[in-house]
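Undergrad: My structure is below; once you've seen it, I'll send some questions.
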Amino acid sequence: MTVLPIRLFGDPVLTTRASEVTEFNAALRTLVEDMTETMADAGGVGLAANQVGVLRRVFVFDCAHAPGGLSGHVVNPVWEPLGEEKEEGTEGCLSIPEISLPIPRYRSVRLRGLDVEGKPVALSASGLLARCIQHETDHLDGVLYLKRARAADRKEAMAQIRTSAWFRA
């Protein structure tokens, strides 16, 4: 397994919609293994393929430490809200270091997709795992969590990003 470089804010791959996965093979298994190792190395709870420069619809997650949490991966994810209830929670992103913002998300979601073998997977989630599913699927759609923030919070975050050492590098 390999720790892959994580793409940072400003990289066009982060605002590009990822393509559906159509081939379930050793390359996909390696990608999921490498993404899982990369996420763990970076201390994240989720990582989408475009965050490592791969425009394929797959993400990995590790929310096992949270109540009702799990770890794993999903290929070609599709989610739907379970009810209309939303909650605001603080989110960060491995592609936007040092910035955390309050983001509204659905409290509970149902996720469907495939595993690396192409077999169907489905789960219902709430709390951190539901937030992670929505955040990572946004990545695969080319949407950064900054777009989900209140305008004032987004403006402040952009000012912090512009002056950060990682962005100027």
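Residues in the structure tokens are numbered from 1 in each chain, the chains being A, B, ... in the order shown, and ligands are numbered from 1 in the order shown.
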If you run DSSP on this backbone, which residues of stretch 90-165 of chain A come out as helix (DSSP H, G or I), and could you give them as a PyMOL selection string?
TA: chain A and resi 127-140+145-148+151-163+165
Undergrad: Keeping only N, CA and C atoms, write those residues as a short mmCIF file (atom, residue, chain, number, x, y, z; two decimals), in the first residue's frame.
TA:
data_model
loop_
_atom_site.label_atom_id
_atom_site.label_comp_id
_atom_site.auth_asym_id
_atom_site.auth_seq_id
_atom_site.Cartn_x
_atom_site.Cartn_y
_atom_site.Cartn_z
N GLY A 127 -25.50 10.82 12.36
CA GLY A 127 -24.33 11.38 13.04
C GLY A 127 -23.15 11.58 12.11
N LEU A 128 -21.97 11.30 12.63
CA LEU A 128 -20.73 11.53 11.88
C LEU A 128 -20.71 10.77 10.56
N LEU A 129 -21.17 9.53 10.55
CA LEU A 129 -21.13 8.75 9.31
C LEU A 129 -22.05 9.36 8.25
N ALA A 130 -23.22 9.83 8.63
CA ALA A 130 -24.11 10.49 7.67
C ALA A 130 -23.46 11.75 7.12
N ARG A 131 -22.81 12.51 7.98
CA ARG A 131 -22.11 13.74 7.56
C ARG A 131 -20.97 13.38 6.61
N CYS A 132 -20.23 12.35 6.92
CA CYS A 132 -19.11 11.91 6.09
C CYS A 132 -19.60 11.49 4.70
N ILE A 133 -20.68 10.73 4.65
CA ILE A 133 -21.24 10.27 3.37
C ILE A 133 -21.59 11.47 2.50
N GLN A 134 -22.25 12.47 3.08
CA GLN A 134 -22.65 13.65 2.32
C GLN A 134 -21.43 14.46 1.87
N HIS A 135 -20.46 14.63 2.75
CA HIS A 135 -19.24 15.39 2.44
C HIS A 135 -18.45 14.73 1.31
N GLU A 136 -18.24 13.42 1.43
CA GLU A 136 -17.42 12.73 0.43
C GLU A 136 -18.14 12.61 -0.92
N THR A 137 -19.44 12.42 -0.90
CA THR A 137 -20.18 12.39 -2.16
C THR A 137 -20.15 13.77 -2.82
N ASP A 138 -20.22 14.82 -2.02
CA ASP A 138 -20.04 16.17 -2.57
C ASP A 138 -18.71 16.27 -3.31
N HIS A 139 -17.64 15.76 -2.70
CA HIS A 139 -16.33 15.77 -3.37
C HIS A 139 -16.43 15.13 -4.75
N LEU A 140 -17.08 13.98 -4.81
CA LEU A 140 -17.18 13.25 -6.08
C LEU A 140 -18.01 14.02 -7.11
N TYR A 145 -16.91 21.62 0.59
CA TYR A 145 -17.79 21.97 1.70
C TYR A 145 -17.91 23.47 1.90
N LEU A 146 -16.95 24.24 1.43
CA LEU A 146 -17.04 25.70 1.52
C LEU A 146 -18.32 26.22 0.88
N LYS A 147 -18.76 25.57 -0.19
CA LYS A 147 -19.98 26.00 -0.88
C LYS A 147 -21.23 25.79 -0.03
N ARG A 148 -21.16 24.92 0.94
CA ARG A 148 -22.31 24.64 1.81
C ARG A 148 -22.33 25.55 3.04
N ALA A 151 -22.41 32.41 3.87
CA ALA A 151 -21.59 33.36 3.10
C ALA A 151 -20.52 34.01 3.96
N ALA A 152 -20.87 34.45 5.15
CA ALA A 152 -19.90 35.11 6.02
C ALA A 152 -18.79 34.15 6.44
N ASP A 153 -19.16 32.91 6.76
CA ASP A 153 -18.16 31.91 7.14
C ASP A 153 -17.24 31.59 5.97
N ARG A 154 -17.82 31.47 4.77
CA ARG A 154 -17.04 31.18 3.56
C ARG A 154 -16.05 32.31 3.28
N LYS A 155 -16.50 33.54 3.42
CA LYS A 155 -15.63 34.71 3.18
C LYS A 155 -14.45 34.70 4.15
N GLU A 156 -14.73 34.44 5.41
CA GLU A 156 -13.66 34.38 6.42
C GLU A 156 -12.69 33.23 6.12
N ALA A 157 -13.23 32.07 5.74
CA ALA A 157 -12.39 30.92 5.41
C ALA A 157 -11.49 31.23 4.21
N MET A 158 -12.04 31.88 3.20
CA MET A 158 -11.25 32.23 2.02
C MET A 158 -10.11 33.17 2.39
N ALA A 159 -10.35 34.10 3.29
CA ALA A 159 -9.28 35.01 3.74
C ALA A 159 -8.19 34.21 4.44
N GLN A 160 -8.57 33.23 5.26
CA GLN A 160 -7.58 32.39 5.95
C GLN A 160 -6.80 31.54 4.94
N ILE A 161 -7.49 31.00 3.96
CA ILE A 161 -6.84 30.17 2.95
C ILE A 161 -5.79 30.99 2.20
N ARG A 162 -6.16 32.17 1.76
CA ARG A 162 -5.25 33.02 0.97
C ARG A 162 -3.94 33.34 1.71
N THR A 163 -3.99 33.40 3.03
CA THR A 163 -2.79 33.73 3.80
C THR A 163 -2.07 32.50 4.37
N ALA A 165 0.17 29.11 4.67
CA ALA A 165 1.45 28.68 4.08
C ALA A 165 1.22 27.60 3.02
#
Undergrad: Show me, as a JSON list (two decimals) with C-alpha atoms, in the first residue's frame, the residues that have an atom within 12 Å of A:Asn25 when counting only C-alpha atoms, minus same-chain residues fewer than 6 positions from it.
TA:
[["chain", "number", "residue", "atom", "x", "y", "z"],
["A", 31, "LEU", "CA", -6.81, 2.45, -5.20],
["A", 32, "VAL", "CA", -9.15, 1.71, -2.27],
["A", 115, "ASP", "CA", -17.95, -2.58, -3.11],
["A", 116, "VAL", "CA", -14.63, -3.14, -4.92],
["A", 117, "GLU", "CA", -15.93, -6.44, -6.27],
["A", 118, "GLY", "CA", -19.02, -4.77, -7.77]]
Undergrad: According to DSSP computed on the backbone, where in chain A is there strand (DSSP E)? Give the residues as a PyMOL selection string.
TA: chain A and resi 46-48+58-62+71-81+86-93+96-106+108-114+120-126
Undergrad: So the first atom is atom CA of A:Leu70 and the second is atom CA of A:Ala26; what is the distance between them in Å, to one decimal place?
TA: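 Distance between the two atoms: 23.8 Å.
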Undergrad: Find the residues around A:Ser19 up to 6 Å (only C-alpha atoms counted), leave out those fewer than 3 positions away in its own chain, and share them as a ChimeraX atom specification.
TA: /A:55-57
Undergrad: Restrict the selected residues to N, CA, C and O atoms and save them as an mmCIF file, in the first residue's frame.
TA:
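And here's selection.cif as it stands now:
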data_model
loop_
_atom_site.group_PDB
_atom_site.id
_atom_site.type_symbol
_atom_site.label_atom_id
_atom_site.label_comp_id
_atom_site.auth_asym_id
_atom_site.auth_seq_id
_atom_site.Cartn_x
_atom_site.Cartn_y
_atom_site.Cartn_z
ATOM 1 N N LEU A 55 -10.233 10.715 -10.842
ATOM 2 C CA LEU A 55 -11.614 11.123 -11.103
ATOM 3 C C LEU A 55 -12.531 9.911 -11.310
ATOM 4 O O LEU A 55 -13.101 9.702 -12.378
ATOM 5 N N ARG A 56 -12.646 9.115 -10.260
ATOM 6 C CA ARG A 56 -13.533 7.956 -10.230
ATOM 7 C C ARG A 56 -14.418 8.079 -8.990
ATOM 8 O O ARG A 56 -13.976 8.558 -7.947
ATOM 9 N N ARG A 57 -15.653 7.604 -9.090
ATOM 10 C CA ARG A 57 -16.624 7.756 -7.997
ATOM 11 C C ARG A 57 -16.414 6.667 -6.938
ATOM 12 O O ARG A 57 -17.093 5.645 -6.935
#
Undergrad: So that I can see what lies close to A:Pro97, please list as a list in words the residues with an atom at most 10 Å from it, counting only C-alpha atoms and leaving out residues fewer than 2 positions away in the same chain.
TA: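 Counting only the stated atoms, we get Leu8, Phe9, Gly92, Cys93, Leu94, Ser95, Ile99, Ser100, Ile161, Ser164, Trp166 and Phe167 of chain A.
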Undergrad: Write the residues you've just listed into a file as a short mmCIF file (atom, residue, chain, number, x, y, z; two decimals), in the first residue's frame, and include all heavy atoms for each of them.
TA:
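As written to disk, result.cif reads:
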data_model
loop_
_atom_site.label_atom_id
_atom_site.label_comp_id
_atom_site.auth_asym_id
_atom_site.auth_seq_id
_atom_site.Cartn_x
_atom_site.Cartn_y
_atom_site.Cartn_z
N LEU A 8 -4.78 19.77 -2.88
CA LEU A 8 -5.21 20.88 -2.03
C LEU A 8 -6.08 21.87 -2.79
O LEU A 8 -6.04 21.94 -4.03
CB LEU A 8 -3.99 21.59 -1.44
CG LEU A 8 -3.10 20.74 -0.53
CD1 LEU A 8 -1.88 21.52 -0.08
CD2 LEU A 8 -3.88 20.22 0.67
N PHE A 9 -6.84 22.65 -2.02
CA PHE A 9 -7.71 23.68 -2.56
C PHE A 9 -6.99 24.46 -3.65
O PHE A 9 -5.84 24.85 -3.49
CB PHE A 9 -8.13 24.63 -1.43
CG PHE A 9 -9.04 25.73 -1.88
CD1 PHE A 9 -10.40 25.53 -1.99
CD2 PHE A 9 -8.52 26.98 -2.20
CE1 PHE A 9 -11.24 26.55 -2.40
CE2 PHE A 9 -9.35 28.00 -2.62
CZ PHE A 9 -10.72 27.78 -2.73
N GLY A 92 -14.22 19.78 8.60
CA GLY A 92 -12.94 20.15 8.02
C GLY A 92 -12.74 19.30 6.78
O GLY A 92 -13.61 18.51 6.41
N CYS A 93 -11.60 19.47 6.14
CA CYS A 93 -11.34 18.73 4.91
C CYS A 93 -9.83 18.57 4.74
O CYS A 93 -9.08 19.53 4.92
CB CYS A 93 -11.94 19.49 3.73
SG CYS A 93 -11.71 18.68 2.14
N LEU A 94 -9.41 17.37 4.38
CA LEU A 94 -7.98 17.12 4.17
C LEU A 94 -7.43 17.96 3.02
O LEU A 94 -6.24 18.22 2.98
CB LEU A 94 -7.74 15.63 3.91
CG LEU A 94 -8.09 14.70 5.07
CD1 LEU A 94 -7.92 13.24 4.65
CD2 LEU A 94 -7.26 15.01 6.29
N SER A 95 -8.29 18.40 2.10
CA SER A 95 -7.86 19.21 0.97
C SER A 95 -7.87 20.71 1.28
O SER A 95 -7.44 21.51 0.45
CB SER A 95 -8.74 18.94 -0.26
OG SER A 95 -8.53 17.62 -0.71
N ILE A 99 -8.85 24.61 8.26
CA ILE A 99 -10.11 25.36 8.18
C ILE A 99 -11.26 24.44 8.60
O ILE A 99 -11.44 23.37 8.02
CB ILE A 99 -10.38 25.87 6.75
CG1 ILE A 99 -9.20 26.69 6.20
CG2 ILE A 99 -11.68 26.65 6.68
CD1 ILE A 99 -8.97 28.02 6.88
N SER A 100 -12.02 24.86 9.58
CA SER A 100 -13.21 24.14 10.01
C SER A 100 -14.38 25.12 10.02
O SER A 100 -14.23 26.26 10.45
CB SER A 100 -13.03 23.56 11.41
OG SER A 100 -12.01 22.58 11.41
N ILE A 161 -7.49 31.00 3.96
CA ILE A 161 -6.84 30.17 2.95
C ILE A 161 -5.79 30.99 2.20
O ILE A 161 -4.66 30.54 2.00
CB ILE A 161 -7.88 29.57 1.98
CG1 ILE A 161 -8.70 28.50 2.69
CG2 ILE A 161 -7.20 28.99 0.73
CD1 ILE A 161 -9.94 28.05 1.93
N SER A 164 -2.62 31.31 4.13
CA SER A 164 -2.02 30.10 4.69
C SER A 164 -0.75 29.70 3.94
O SER A 164 -0.63 29.90 2.73
CB SER A 164 -3.03 28.95 4.67
OG SER A 164 -3.29 28.57 3.35
N TRP A 166 0.30 26.68 3.26
CA TRP A 166 0.08 25.58 2.30
C TRP A 166 -0.50 26.09 0.98
O TRP A 166 -0.23 25.53 -0.06
CB TRP A 166 -0.81 24.49 2.89
CG TRP A 166 -2.21 24.91 3.26
CD1 TRP A 166 -2.63 25.30 4.51
CD2 TRP A 166 -3.35 25.01 2.41
NE1 TRP A 166 -3.96 25.63 4.47
CE2 TRP A 166 -4.43 25.46 3.18
CE3 TRP A 166 -3.56 24.75 1.05
CZ2 TRP A 166 -5.71 25.67 2.68
CZ3 TRP A 166 -4.84 24.95 0.54
CH2 TRP A 166 -5.89 25.41 1.35
N PHE A 167 -1.29 27.17 1.01
CA PHE A 167 -1.89 27.69 -0.22
C PHE A 167 -0.87 28.50 -1.01
O PHE A 167 -0.86 28.45 -2.24
CB PHE A 167 -3.11 28.56 0.11
CG PHE A 167 -3.86 29.02 -1.09
CD1 PHE A 167 -4.55 28.12 -1.89
CD2 PHE A 167 -3.89 30.35 -1.45
CE1 PHE A 167 -5.26 28.54 -3.02
CE2 PHE A 167 -4.59 30.79 -2.55
CZ PHE A 167 -5.28 29.88 -3.34
#
